[in-house]
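Chemist: Could you have a look at this structure, given as C-alpha cells, before my questions?
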Amino acid sequence: MVLDTAKPEGAMTGERFIKSLQDGREVYIDGKKVDDVTTHPAFAPMAKELARIYDLQHMDEYRDQMTYVSPDTGNRVSISWMVPESLEQTRLKRRNSEVWNEQSWGQLGRGPDILAPYILMLYNRRDALGQIKNEHCDFEENIINYTRLCRENDLFLTHALGDPQIDRSQQPQNERREVKEEDTALHVVEETKDGIIVSGAKQLATAAPVTNECYVSLSATFSRRADPRFYMAFSISSGTPGLKTLCREPVSIWPGTWGHPLGINYDEQDAMLFFDNVLVPWDRVFMLYDQPPMGPGFGGGLNLLGWSNMCRVHFRMKLMTAVATMIAKSIGVYDFRDVSAKLGEMVSYCEMWRYAMQGVEETTYIKDGQQPRGGAQALQNWFAHTSKRMVEILREISGSGLIMQPSEADLANPEIRKYLDMYMIGKDVDVEYKSRLYRLAHELAVSSFGMRQEVYEYWHGGDPTRNRVNMLRAYDQSAMVDQIEGLISKPLDHGSAL
Ligand SMILES: Cc1cc2nc3c(=O)[nH]c(=O)nc-3n(C[C@H](O)[C@H](O)[C@H](O)COP(=O)(O)OP(=O)(O)OC[C@H]3O[C@@H](n4cnc5c(N)ncnc54)[C@H](O)[C@@H]3O)c2cc1C
C-alpha cells in the first residue's frame, strides 16, 4: 500500500479488514505456505473475530464508544487513533479499550487498539524526528503522513523490535564481536532512489500474519549498535514483497465448541519475520542511522503507550479472579480460610491496578502541547510477576479438576452420561456447568493457549530484568540519600539522632 492519504475509508469494517489480508502475503506455517490467511484454520477464527469487533464500530450501540469524527476528513475513525488532549478524551480512550477487551476477553495482547499508540508516540515526537536530517526524506513529514494514513483507514499494525535469539553474549555495540550482525540482525543493504533495501530477521512479531502493517525498529536492549546501518524505524505493508512471515504452531486448534473457549478465537499468533532484500519506500522511513525513536531521547516511558494495555491487563485480572472464585464455589471450598485469602490476594491486585489506572488517566493527556511522562513502566514490571502469581493461585484453588473434565462428546454419550451426572457434578452445579467452567480455567492456566498467554505476559514489555535495572538507574533517590547521609554522619549522640 502506498502512502495515499487521498481516499480515506474511515473506521475499519469487518469486510474491508478480511479483504485487506488477501494481498498475496508470504506466510508460512508448519512447513507450508499459506494461500489465504482468512480461510486457513490457524488464522481464520482470529481474523473473523477481529472483523466482528471492527463491525461493532459502525453499530448504534458502540459507534460513540469506539469512534470519533476525524478533524481532517470528517469521517468516523477509531478512538484508538486519538491523541488525548483532555481528561474527557482519556476517558473516551478508556471506554474504547474496555470495549475491545470485553469483546476479546482481554486475550489480545497485540490487538489493533494496543499497537496504535506506538505510532501515536512517534507522532508526538515528530519535532524531534524532524531534527534528524536525511537527504531523501523528512522524517517529521513522514510520521505525520503515516499517522494520518493509519488513522483515516484504521490500519492494524504489528511491531517487530528484537534481534533473532542467536548469541546474546555478543552485544550489538561490541565492535569486535565475533558474530557478524550482517548475518542476522536487520540492516540497510543499500539505498536507492525509491527507498532503503533491508535484509535480516526480527524475533518476533505477534499477530503479524493478520495485520495490515508492520512497524519495525529496535527495542531498548538493542538500542546501542556499533554500526549505524542497524539503526532504523519504518513501517511497511505486511504484504510487502520479500517479507516472509514464519508462524509458530497454533496453540489451539480443537474441534470442540467450548473445550477451548478462548484459544479457538484468540490465538493471535507470534511470528519470525525474515526480510530478504525488502524495499522500504522513503516516505515510510521514520529514522535512519540514528538512535531508535522509542529511546530515552524521544520520550520513552510515556504512559500513553501503555494505556490500552493497562485496560487489557485490568480485564484479564478481573477475569482470572472471577473464574477462580466461581471454581472455588463450584467445589465447595470458597469459605475455607486459606482459599478465601488467596482469592482476596487476587482482588487486591485488581484493586491496586484500578487505583493505578485512575492515577494514570488523570495525568496522561497532552496539556498545553506538553506530553506528560508517566509511571506505566513500573506497572508493566509489576504485572510481569503478578500475572504469574494469579495463574498460580488459579491452579492451586482448582485442584485436579483443572485437567480432569469430560469433553462435549463425553457429555453427549448416554452410556457414560449417568456416571458423569453422579461423579463429576459439583456443589449445587450440574456436570455441564462445572465442566465448562473448569475448561475455561484450564484455558487460562494449563492449556497451550494459556501457557502462551502467560509467557506473553512475562516478556511482552521487554526483558523484565532489563526493565527493572533501567528503572533503578532512572530513579532519583538523591533526596532520600541526602537525608540518610545526614543521619549517619551526625555524631553518635543519643537523643539527637532524629
Ligand atoms: C509471546 C511473546 C510475544 C511477543 N511479541 C512481540 C512483538 O509483538 N513484538 C516484539 O517486538 N517483540 C515481541 N516479543 C519479544 C519480547 O519483547 C522479548 O521476548 C523480550 O524482549 C526478551 O527478549 P528475548 O526473548 O530475545 O530474550 P533474551 O534477550 O534472549 O533473554 C533470554 C535470557 O537471557 C537473559 N539475558 C539476555 N541478555 C542478557 C544480558 N546482556 N545480560 C544478562 N542477561 C541477559 C534474559 O534476562 C533472559 O533471562 C514477544 C515475546 C513473547 C514471548
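Ordering of the C-alpha cells sets the chain letters (A, B, ...); residue numbers start at 1 within each chain; ligands are numbered from 1 in the order shown.
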So which residues are near ligand 1, meaning at most 10 Å away with only C-alpha atoms and all ligand atoms counted, given back as an mmCIF file with C-alpha atoms, in the first residue's frame?

Modeler:
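Okay, this is what ended up in pocket-v2.cif:
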data_model
loop_
_atom_site.group_PDB
_atom_site.id
_atom_site.type_symbol
_atom_site.label_atom_id
_atom_site.label_comp_id
_atom_site.auth_asym_id
_atom_site.auth_seq_id
_atom_site.Cartn_x
_atom_site.Cartn_y
_atom_site.Cartn_z
ATOM 1 C CA GLY A 109 -2.047 -8.638 23.770
ATOM 2 C CA ARG A 110 -1.369 -7.097 20.388
ATOM 3 C CA GLY A 111 -4.829 -6.194 19.136
ATOM 4 C CA LEU A 115 -0.476 -1.140 18.636
ATOM 5 C CA LEU A 157 -0.239 -2.942 12.965
ATOM 6 C CA THR A 158 2.196 -5.456 14.320
ATOM 7 C CA HIS A 159 5.616 -4.397 15.564
ATOM 8 C CA ALA A 160 8.995 -6.096 15.491
ATOM 9 C CA LEU A 161 11.814 -4.801 17.694
ATOM 10 C CA GLY A 162 14.143 -7.646 18.694
ATOM 11 C CA ASP A 163 17.167 -9.258 17.052
ATOM 12 C CA PRO A 164 16.980 -13.015 16.464
ATOM 13 C CA GLN A 165 17.920 -15.005 19.576
ATOM 14 C CA ILE A 166 21.207 -16.433 18.332
ATOM 15 C CA ASP A 167 24.049 -15.491 20.656
ATOM 16 C CA ARG A 168 23.220 -12.946 23.325
ATOM 17 C CA SER A 169 26.801 -12.954 24.623
ATOM 18 C CA GLN A 170 27.678 -10.958 21.520
ATOM 19 C CA GLN A 171 26.475 -7.482 22.474
ATOM 20 C CA PRO A 172 25.455 -5.454 19.422
ATOM 21 C CA LYS A 202 13.257 -9.957 13.633
ATOM 22 C CA GLN A 203 12.193 -12.083 16.605
ATOM 23 C CA LEU A 204 9.287 -11.727 16.977
ATOM 24 C CA ALA A 205 6.070 -10.049 15.845
ATOM 25 C CA THR A 206 2.761 -11.010 17.391
ATOM 26 C CA ALA A 207 -0.297 -11.078 15.114
ATOM 27 C CA ALA A 208 1.885 -10.387 12.043
ATOM 28 C CA CYS A 214 4.425 -3.947 10.194
ATOM 29 C CA TYR A 215 6.308 -1.350 12.283
ATOM 30 C CA VAL A 216 9.988 -2.161 12.649
ATOM 31 C CA SER A 217 12.591 -0.647 14.942
ATOM 32 C CA LEU A 218 14.865 -1.553 17.857
ATOM 33 C CA SER A 219 13.950 -2.243 21.474
ATOM 34 C CA ALA A 220 15.983 -0.795 24.360
ATOM 35 C CA THR A 221 18.061 -3.991 24.513
ATOM 36 C CA PHE A 222 19.376 -3.422 21.009
ATOM 37 C CA GLU A 268 -3.164 -14.168 17.980
ATOM 38 C CA GLN A 269 -0.084 -15.969 16.617
ATOM 39 C CA ASP A 270 3.570 -14.999 17.007
ATOM 40 C CA ALA A 271 5.895 -14.922 14.053
ATOM 41 C CA MET A 272 9.509 -14.583 12.962
ATOM 42 C CA MET A 451 0.735 -21.100 28.750
ATOM 43 C CA ARG A 452 1.467 -18.969 25.696
ATOM 44 C CA GLN A 453 -0.551 -16.139 27.245
ATOM 45 C CA GLU A 454 1.461 -16.443 30.434
ATOM 46 C CA VAL A 455 4.775 -16.403 28.579
ATOM 47 C CA TYR A 456 3.455 -13.386 26.718
ATOM 48 C CA GLU A 457 2.559 -11.526 29.919
ATOM 49 C CA TYR A 458 6.062 -12.025 31.268
ATOM 50 C CA TRP A 459 8.010 -10.981 28.179
ATOM 51 C CA HIS A 460 5.912 -8.661 26.088
ATOM 52 C CA GLY A 461 7.071 -5.464 27.758
ATOM 53 C CA GLY A 462 10.676 -6.464 27.070
ATOM 54 C CA ASP A 463 13.030 -8.304 29.410
ATOM 55 C CA PRO A 464 11.685 -7.585 32.943
ATOM 56 C CA THR A 465 15.206 -7.841 34.377
ATOM 57 C CA ARG A 466 16.457 -5.179 31.984
ATOM 58 C CA ASN A 467 13.396 -3.053 32.712
#

Chemist: Can you list every residue of range 205-318 of chain A that has an atom at most 9 Å from range 8-24 of chain A, with its nearest atom pair and the distance in Å to one decimal, using only C-alpha atoms, ordered by chain then number, as a tab-separated table?

Modeler:
residue	atom	partner	partner_atom	distance
A:Pro209	CA	A:Leu21	CA	8.3
A:Val210	CA	A:Leu21	CA	6.4
A:Thr211	CA	A:Leu21	CA	7.2
A:Asn212	CA	A:Leu21	CA	6.8
A:Ser238	CA	A:Leu21	CA	8.7
A:Gly239	CA	A:Asp23	CA	6.1
A:Thr240	CA	A:Gly24	CA	8.8
A:Pro241	CA	A:Gly24	CA	8.9

Chemist: Could you pull out all residues of range 26-260 of chain A with a DSSP call of helix (DSSP H, G or I) and give them as a ChimeraX atom specification?

Modeler: /A:44-56,60-66,79-81,87-104,112-124,126-130,139-153,181-183,208-210,220-222,228-230

Chemist: Taking C-alpha atoms for each residue, export the selection above as a PDB file, in the first residue's frame.

Modeler:
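Listed below is the output, out-v6.pdb:
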ATOM      1  CA  ALA A  44      -9.353 -17.598  10.152  1.00  0.00           C
ATOM      2  CA  PRO A  45     -11.013 -17.612  13.609  1.00  0.00           C
ATOM      3  CA  MET A  46      -8.881 -14.682  14.811  1.00  0.00           C
ATOM      4  CA  ALA A  47      -9.421 -12.769  11.541  1.00  0.00           C
ATOM      5  CA  LYS A  48     -13.177 -13.333  11.781  1.00  0.00           C
ATOM      6  CA  GLU A  49     -13.231 -12.291  15.404  1.00  0.00           C
ATOM      7  CA  LEU A  50     -11.402  -9.055  14.635  1.00  0.00           C
ATOM      8  CA  ALA A  51     -13.798  -8.459  11.728  1.00  0.00           C
ATOM      9  CA  ARG A  52     -16.711  -8.897  14.119  1.00  0.00           C
ATOM     10  CA  ILE A  53     -15.274  -6.333  16.545  1.00  0.00           C
ATOM     11  CA  TYR A  54     -14.476  -3.890  13.736  1.00  0.00           C
ATOM     12  CA  ASP A  55     -18.133  -4.084  12.686  1.00  0.00           C
ATOM     13  CA  LEU A  56     -19.210  -3.027  16.179  1.00  0.00           C
ATOM     14  CA  ASP A  60     -25.517   2.370  17.098  1.00  0.00           C
ATOM     15  CA  GLU A  61     -24.677   0.811  20.449  1.00  0.00           C
ATOM     16  CA  TYR A  62     -20.913   1.196  20.056  1.00  0.00           C
ATOM     17  CA  ARG A  63     -20.343   3.984  17.499  1.00  0.00           C
ATOM     18  CA  ASP A  64     -19.744   6.727  20.049  1.00  0.00           C
ATOM     19  CA  GLN A  65     -17.762   4.420  22.339  1.00  0.00           C
ATOM     20  CA  MET A  66     -15.347   3.304  19.623  1.00  0.00           C
ATOM     21  CA  ILE A  79     -10.687   6.225  19.049  1.00  0.00           C
ATOM     22  CA  SER A  80      -7.595   4.000  19.200  1.00  0.00           C
ATOM     23  CA  TRP A  81      -6.016   6.623  16.907  1.00  0.00           C
ATOM     24  CA  LEU A  87      -9.286  14.135  30.735  1.00  0.00           C
ATOM     25  CA  GLU A  88     -12.574  13.615  28.923  1.00  0.00           C
ATOM     26  CA  GLN A  89     -10.682  12.238  25.935  1.00  0.00           C
ATOM     27  CA  THR A  90      -8.579   9.838  28.047  1.00  0.00           C
ATOM     28  CA  ARG A  91     -11.875   8.560  29.426  1.00  0.00           C
ATOM     29  CA  LEU A  92     -13.152   8.055  25.885  1.00  0.00           C
ATOM     30  CA  LYS A  93      -9.984   6.108  25.180  1.00  0.00           C
ATOM     31  CA  ARG A  94     -10.526   4.016  28.288  1.00  0.00           C
ATOM     32  CA  ARG A  95     -14.049   3.113  27.194  1.00  0.00           C
ATOM     33  CA  ASN A  96     -12.889   2.189  23.680  1.00  0.00           C
ATOM     34  CA  SER A  97     -10.149  -0.017  25.147  1.00  0.00           C
ATOM     35  CA  GLU A  98     -12.650  -1.578  27.528  1.00  0.00           C
ATOM     36  CA  VAL A  99     -14.919  -2.490  24.624  1.00  0.00           C
ATOM     37  CA  TRP A 100     -12.032  -4.108  22.720  1.00  0.00           C
ATOM     38  CA  ASN A 101     -11.109  -6.118  25.819  1.00  0.00           C
ATOM     39  CA  GLU A 102     -14.621  -7.036  26.846  1.00  0.00           C
ATOM     40  CA  GLN A 103     -15.197  -8.321  23.335  1.00  0.00           C
ATOM     41  CA  SER A 104     -11.914 -10.257  23.142  1.00  0.00           C
ATOM     42  CA  PRO A 112      -5.408  -3.116  16.939  1.00  0.00           C
ATOM     43  CA  ASP A 113      -6.098  -0.862  19.935  1.00  0.00           C
ATOM     44  CA  ILE A 114      -2.802  -1.786  21.575  1.00  0.00           C
ATOM     45  CA  LEU A 115      -0.476  -1.140  18.636  1.00  0.00           C
ATOM     46  CA  ALA A 116      -1.921   2.197  17.508  1.00  0.00           C
ATOM     47  CA  PRO A 117      -0.219   4.057  20.410  1.00  0.00           C
ATOM     48  CA  TYR A 118       3.229   3.096  19.079  1.00  0.00           C
ATOM     49  CA  ILE A 119       2.618   5.241  16.042  1.00  0.00           C
ATOM     50  CA  LEU A 120       0.954   7.970  18.118  1.00  0.00           C
ATOM     51  CA  MET A 121       4.075   8.067  20.288  1.00  0.00           C
ATOM     52  CA  LEU A 122       6.225   8.702  17.238  1.00  0.00           C
ATOM     53  CA  TYR A 123       3.747  11.280  16.027  1.00  0.00           C
ATOM     54  CA  ASN A 124       4.027  13.083  19.353  1.00  0.00           C
ATOM     55  CA  ARG A 126       7.576  14.407  15.292  1.00  0.00           C
ATOM     56  CA  ASP A 127       9.558  17.566  16.006  1.00  0.00           C
ATOM     57  CA  ALA A 128      12.430  15.506  17.439  1.00  0.00           C
ATOM     58  CA  LEU A 129      12.301  13.167  14.442  1.00  0.00           C
ATOM     59  CA  GLY A 130      12.405  16.188  12.155  1.00  0.00           C
ATOM     60  CA  PHE A 139      11.127  12.102   8.994  1.00  0.00           C
ATOM     61  CA  GLU A 140       8.718  14.561  10.597  1.00  0.00           C
ATOM     62  CA  GLU A 141       6.618  14.817   7.458  1.00  0.00           C
ATOM     63  CA  ASN A 142       6.710  11.023   7.079  1.00  0.00           C
ATOM     64  CA  ILE A 143       5.355  10.329  10.545  1.00  0.00           C
ATOM     65  CA  ILE A 144       2.635  12.959  10.149  1.00  0.00           C
ATOM     66  CA  ASN A 145       1.502  11.410   6.845  1.00  0.00           C
ATOM     67  CA  TYR A 146       1.808   7.862   8.107  1.00  0.00           C
ATOM     68  CA  THR A 147      -0.229   8.574  11.235  1.00  0.00           C
ATOM     69  CA  ARG A 148      -2.881  10.123   9.039  1.00  0.00           C
ATOM     70  CA  LEU A 149      -2.860   7.066   6.758  1.00  0.00           C
ATOM     71  CA  CYS A 150      -3.315   4.724   9.737  1.00  0.00           C
ATOM     72  CA  ARG A 151      -5.942   6.824  11.480  1.00  0.00           C
ATOM     73  CA  GLU A 152      -8.011   7.590   8.386  1.00  0.00           C
ATOM     74  CA  ASN A 153      -8.002   3.941   7.260  1.00  0.00           C
ATOM     75  CA  GLU A 181      25.466  -8.586  12.677  1.00  0.00           C
ATOM     76  CA  GLU A 182      25.055  -8.557   8.901  1.00  0.00           C
ATOM     77  CA  ASP A 183      24.323 -12.265   9.036  1.00  0.00           C
ATOM     78  CA  ALA A 208       1.885 -10.387  12.043  1.00  0.00           C
ATOM     79  CA  PRO A 209       0.025 -12.729   9.649  1.00  0.00           C
ATOM     80  CA  VAL A 210      -3.290 -10.904  10.175  1.00  0.00           C
ATOM     81  CA  ALA A 220      15.983  -0.795  24.360  1.00  0.00           C
ATOM     82  CA  THR A 221      18.061  -3.991  24.513  1.00  0.00           C
ATOM     83  CA  PHE A 222      19.376  -3.422  21.009  1.00  0.00           C
ATOM     84  CA  PRO A 228      24.701   2.884  12.078  1.00  0.00           C
ATOM     85  CA  ARG A 229      23.242   0.668   9.329  1.00  0.00           C
ATOM     86  CA  PHE A 230      21.348  -1.171  12.069  1.00  0.00           C
TER      87      PHE A 230
END

Chemist: Quick one, how far is CA of Arg76 in chain A from CA of Ala6 in chain A?

Modeler: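 Distance reported for this atom pair: 15.7 Å.
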
Chemist: Of the candidates A:Trp353, A:Phe336, A:Phe156, A:Tyr423, which one gets nearest to Arg312 in chain A if we count only C-alpha atoms?

Modeler: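 Of A:Trp353, A:Phe336, A:Phe156, A:Tyr423, the one nearest Arg312 in chain A is A:Trp353, counting only C-alpha atoms.
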
Chemist: For a test of reading the model, state the distance in Å between CA of Asp267 in chain A and CA of Phe383 in chain A, rounded to one decimal.

Modeler: 21.1 Å

Chemist: Counting only C-alpha atoms, what is within 9 Å of Pro250 in chain A, bar same-chain residues fewer than 3 positions away, as a VMD selection string?

Modeler: chain A and resid 29 42 to 43 247 253 267 269 448 to 449

Chemist: For each of A:Glu362, A:Ala412, A:Ser400, A:Val313, take the minimum atom-to-atom distance to Thr386 in chain A, counting only C-alpha atoms, then give the residue where this is smallest.

Modeler: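 The shortest atom-to-atom distance to Thr386 in chain A comes from A:Val313.
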
Chemist: Which of these residues is nearest to Gln107 in chain A, using only C-alpha atoms: A:Leu402, A:Ala356, A:Cys311, A:Met480?

Modeler: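 Smallest distance to Gln107 in chain A is found for A:Cys311.
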
Chemist: Please indicate the distance in Å from CA of Thr67 in chain A to CA of Glu351 in chain A, rounded to one decimal place.

Modeler: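 These atoms are spaced 28.5 Å apart.
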
Chemist: Can you check which residues of range 128-267 of chain A DSSP gives as strand (DSSP E) on the backbone and send them as number ranges by chain?

Modeler: A: 157-160, 187-191, 195-206, 213-216, 232-237, 243-247

Chemist: Kindly export the residues of the current selection with C-alpha atoms, as a PDB file, in the first residue's frame.

Modeler:
ATOM      1  CA  LEU A 157      -0.239  -2.942  12.965  1.00  0.00           C
ATOM      2  CA  THR A 158       2.196  -5.456  14.320  1.00  0.00           C
ATOM      3  CA  HIS A 159       5.616  -4.397  15.564  1.00  0.00           C
ATOM      4  CA  ALA A 160       8.995  -6.096  15.491  1.00  0.00           C
ATOM      5  CA  HIS A 187      20.238  -3.750   8.449  1.00  0.00           C
ATOM      6  CA  VAL A 188      20.354  -1.477   5.447  1.00  0.00           C
ATOM      7  CA  VAL A 189      21.881  -3.217   2.432  1.00  0.00           C
ATOM      8  CA  GLU A 190      21.725  -0.230   0.127  1.00  0.00           C
ATOM      9  CA  GLU A 191      19.936   2.990  -0.632  1.00  0.00           C
ATOM     10  CA  GLY A 195      13.986   3.812  -0.609  1.00  0.00           C
ATOM     11  CA  ILE A 196      16.215   1.595   1.521  1.00  0.00           C
ATOM     12  CA  ILE A 197      16.770  -2.099   0.877  1.00  0.00           C
ATOM     13  CA  VAL A 198      16.881  -4.045   4.135  1.00  0.00           C
ATOM     14  CA  SER A 199      17.807  -7.645   4.985  1.00  0.00           C
ATOM     15  CA  GLY A 200      17.930  -9.639   8.203  1.00  0.00           C
ATOM     16  CA  ALA A 201      15.420 -11.017  10.702  1.00  0.00           C
ATOM     17  CA  LYS A 202      13.257  -9.957  13.633  1.00  0.00           C
ATOM     18  CA  GLN A 203      12.193 -12.083  16.605  1.00  0.00           C
ATOM     19  CA  LEU A 204       9.287 -11.727  16.977  1.00  0.00           C
ATOM     20  CA  ALA A 205       6.070 -10.049  15.845  1.00  0.00           C
ATOM     21  CA  THR A 206       2.761 -11.010  17.391  1.00  0.00           C
ATOM     22  CA  GLU A 213       1.165  -3.044   8.550  1.00  0.00           C
ATOM     23  CA  CYS A 214       4.425  -3.947  10.194  1.00  0.00           C
ATOM     24  CA  TYR A 215       6.308  -1.350  12.283  1.00  0.00           C
ATOM     25  CA  VAL A 216       9.988  -2.161  12.649  1.00  0.00           C
ATOM     26  CA  MET A 232      16.202   2.377  11.599  1.00  0.00           C
ATOM     27  CA  ALA A 233      12.490   2.768  12.162  1.00  0.00           C
ATOM     28  CA  PHE A 234       9.958   2.239   9.429  1.00  0.00           C
ATOM     29  CA  SER A 235       6.599   0.714   8.667  1.00  0.00           C
ATOM     30  CA  ILE A 236       5.666  -1.342   5.640  1.00  0.00           C
ATOM     31  CA  SER A 237       2.647  -3.274   4.471  1.00  0.00           C
ATOM     32  CA  LEU A 243       8.931 -10.073   3.707  1.00  0.00           C
ATOM     33  CA  LYS A 244       8.482 -13.671   4.867  1.00  0.00           C
ATOM     34  CA  THR A 245       6.440 -14.482   7.963  1.00  0.00           C
ATOM     35  CA  LEU A 246       7.065 -17.771   9.772  1.00  0.00           C
ATOM     36  CA  CYS A 247       4.360 -18.665  12.308  1.00  0.00           C
TER      37      CYS A 247
END

Chemist: Find the residues near Ala322 in chain A: any atom within 12 Å, counting only C-alpha atoms, skip ones fewer than 6 places away on the same chain, and give them as a list in words.

Modeler: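 Near Ala322 in chain A, the qualifying residues are Phe315, Arg316, Ala328, Lys329, Leu343, Gly344, Met346, Val347, Cys350, Met390, Leu394, Leu437, Leu440, Ala441 and Leu444 of chain A.
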
Chemist: Using only C-alpha atoms, which residue out of A:Glu485, A:Phe275, A:Ala378, A:Arg248 lies closest to Val469 in chain A?

Modeler: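 For Val469 in chain A, the nearest of the given residues is A:Ala378.
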